[in-house]
Structure formats: structure tokens, C-alpha cells
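These notes are about the structure you will find just below.
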Amino acid sequence: MAKKYKCTICGYIYDPEKGDPDSGVAAGTSFEELPSDWTCPQCGAAKEDFKEL
């Protein structure tokens with residue numbers, strides 16, 4: 001099962017099974033595969049501001 005990651009700023013959960021379609025990230029994309037400039041879709045926090053659940 002793919003790992004989920006939580007934004008430490010706003011609490012948004014990145015779920016690889018859902019991806020981030022609004023940002024063009026397909027379902028099935030692991031957190032590690034996200035581009036380095038990807039940001040939280042809710043608050044704009046950097047990828048570095050996410051912690052593994």
C-alpha cells in the first residue's frame with residue numbers, strides 16, 4: 001500500500017491512490033514521484049512541509 005503524507009501547515013493528506021488531479025498529478029503517483037516544485041493544493045506549502053503518516 002502506498003504511503004500517505006500530511007501537510008504540516010494545513011493538514012491536507014496527499015493520497016497516492018487519488019493523486020492530485022487539479023495539479024495534473026495522476027492517480028497512482030507516489031509522493032516520491034511528485035515534482036520537487038509540487039505544492040500543497042490547499043495552502044501552497046512546499047513538498048518539504050509534508051510528513052509521512
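Simple scheme: letters A, B, ... for chains in C-alpha cells order, numbers from 1 for residues in each chain, numbers from 1 for ligands in the order shown.
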Which residues are near region 19-34 of chain A? Cut-off 9 Å, only C-alpha atoms, ignore same chain within fewer than 2 positions. Put them as a list of chain:residue names.
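Here the qualifying residues turn out to be A:Ala2, A:Lys3, A:Lys4, A:Tyr5, A:Tyr14, A:Asp15, A:Pro16, A:Glu17, A:Ser36, A:Asp37, A:Trp38, A:Pro41, A:Lys47.
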Would you export the selected residues with C-alpha atoms as a short mmCIF file (atom, residue, chain, number, x, y, z; two decimals), in the first residue's frame, please?
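And here's result_15.cif as it stands now:
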```cif
data_model
loop_
_atom_site.label_atom_id
_atom_site.label_comp_id
_atom_site.auth_asym_id
_atom_site.auth_seq_id
_atom_site.Cartn_x
_atom_site.Cartn_y
_atom_site.Cartn_z
CA ALA A 2 1.31 3.43 -0.94
CA LYS A 3 2.23 5.79 1.89
CA LYS A 4 0.16 8.89 2.58
CA TYR A 5 1.70 12.21 3.52
CA TYR A 14 -1.76 13.50 -0.08
CA ASP A 15 -3.16 10.10 -1.03
CA PRO A 16 -1.25 8.44 -3.89
CA GLU A 17 -4.33 6.39 -4.81
CA SER A 36 10.13 18.89 -6.50
CA ASP A 37 8.18 22.10 -7.17
CA TRP A 38 4.80 20.49 -6.37
CA PRO A 41 -3.19 22.17 -3.27
CA LYS A 47 6.74 19.37 -0.62
#
```
Show me, as a ChimeraX atom specification, the residues that have an atom within 10 Å of Thr8 (chain A) when counting only C-alpha atoms, minus same-chain residues fewer than 6 positions from it.
/A:45,48-51
May I have the selected residues written with all heavy atoms, as a PDB file, in the first residue's frame?
```
ATOM      1  N   ALA A  45       1.905  25.032   0.541  1.00  0.00           N
ATOM      2  CA  ALA A  45       3.141  24.662   1.236  1.00  0.00           C
ATOM      3  C   ALA A  45       4.026  23.809   0.330  1.00  0.00           C
ATOM      4  O   ALA A  45       3.539  23.093  -0.543  1.00  0.00           O
ATOM      5  CB  ALA A  45       2.816  23.891   2.513  1.00  0.00           C
ATOM      6  N   GLU A  48       8.494  19.803   1.025  1.00  0.00           N
ATOM      7  CA  GLU A  48       9.288  19.555   2.233  1.00  0.00           C
ATOM      8  C   GLU A  48       8.475  19.721   3.520  1.00  0.00           C
ATOM      9  O   GLU A  48       8.894  19.297   4.584  1.00  0.00           O
ATOM     10  CB  GLU A  48      10.498  20.500   2.290  1.00  0.00           C
ATOM     11  CG  GLU A  48      11.489  20.300   1.179  1.00  0.00           C
ATOM     12  CD  GLU A  48      11.059  20.981  -0.136  1.00  0.00           C
ATOM     13  OE1 GLU A  48      10.478  22.071  -0.093  1.00  0.00           O
ATOM     14  OE2 GLU A  48      11.302  20.394  -1.199  1.00  0.00           O
ATOM     15  N   ASP A  49       7.310  20.378   3.405  1.00  0.00           N
ATOM     16  CA  ASP A  49       6.466  20.606   4.579  1.00  0.00           C
ATOM     17  C   ASP A  49       5.504  19.440   4.849  1.00  0.00           C
ATOM     18  O   ASP A  49       4.631  19.555   5.699  1.00  0.00           O
ATOM     19  CB  ASP A  49       5.655  21.893   4.415  1.00  0.00           C
ATOM     20  CG  ASP A  49       6.539  23.130   4.446  1.00  0.00           C
ATOM     21  OD1 ASP A  49       7.450  23.177   5.300  1.00  0.00           O
ATOM     22  OD2 ASP A  49       6.347  24.037   3.622  1.00  0.00           O
ATOM     23  N   PHE A  50       5.687  18.334   4.138  1.00  0.00           N
ATOM     24  CA  PHE A  50       4.853  17.152   4.338  1.00  0.00           C
ATOM     25  C   PHE A  50       5.595  16.104   5.147  1.00  0.00           C
ATOM     26  O   PHE A  50       6.806  15.962   5.013  1.00  0.00           O
ATOM     27  CB  PHE A  50       4.436  16.549   2.990  1.00  0.00           C
ATOM     28  CG  PHE A  50       3.301  17.262   2.328  1.00  0.00           C
ATOM     29  CD1 PHE A  50       3.488  18.514   1.767  1.00  0.00           C
ATOM     30  CD2 PHE A  50       2.050  16.697   2.268  1.00  0.00           C
ATOM     31  CE1 PHE A  50       2.433  19.185   1.144  1.00  0.00           C
ATOM     32  CE2 PHE A  50       0.991  17.351   1.659  1.00  0.00           C
ATOM     33  CZ  PHE A  50       1.185  18.590   1.097  1.00  0.00           C
ATOM     34  N   LYS A  51       4.856  15.384   5.983  1.00  0.00           N
ATOM     35  CA  LYS A  51       5.432  14.296   6.776  1.00  0.00           C
ATOM     36  C   LYS A  51       4.675  13.020   6.475  1.00  0.00           C
ATOM     37  O   LYS A  51       3.454  13.014   6.316  1.00  0.00           O
ATOM     38  CB  LYS A  51       5.323  14.600   8.286  1.00  0.00           C
ATOM     39  CG  LYS A  51       6.048  15.857   8.718  1.00  0.00           C
ATOM     40  CD  LYS A  51       7.542  15.721   8.556  1.00  0.00           C
ATOM     41  CE  LYS A  51       8.239  17.006   8.978  1.00  0.00           C
ATOM     42  NZ  LYS A  51       9.569  17.126   8.462  1.00  0.00           N
TER      43      LYS A  51
END
```
Within chain A, find each residue whose DSSP state, derived from the backbone, is strand (DSSP E), and express the selection as a count of residues only.
8
If you run DSSP over the backbone, which residues in chain A end up helix (DSSP H, G or I)? Put them as a list in words.
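Result set for chain A (helix (DSSP H, G or I)): Pro21, Asp22, Ser23, Phe31, Glu32, Glu33, Lys47, Glu48 and Asp49 of chain A.
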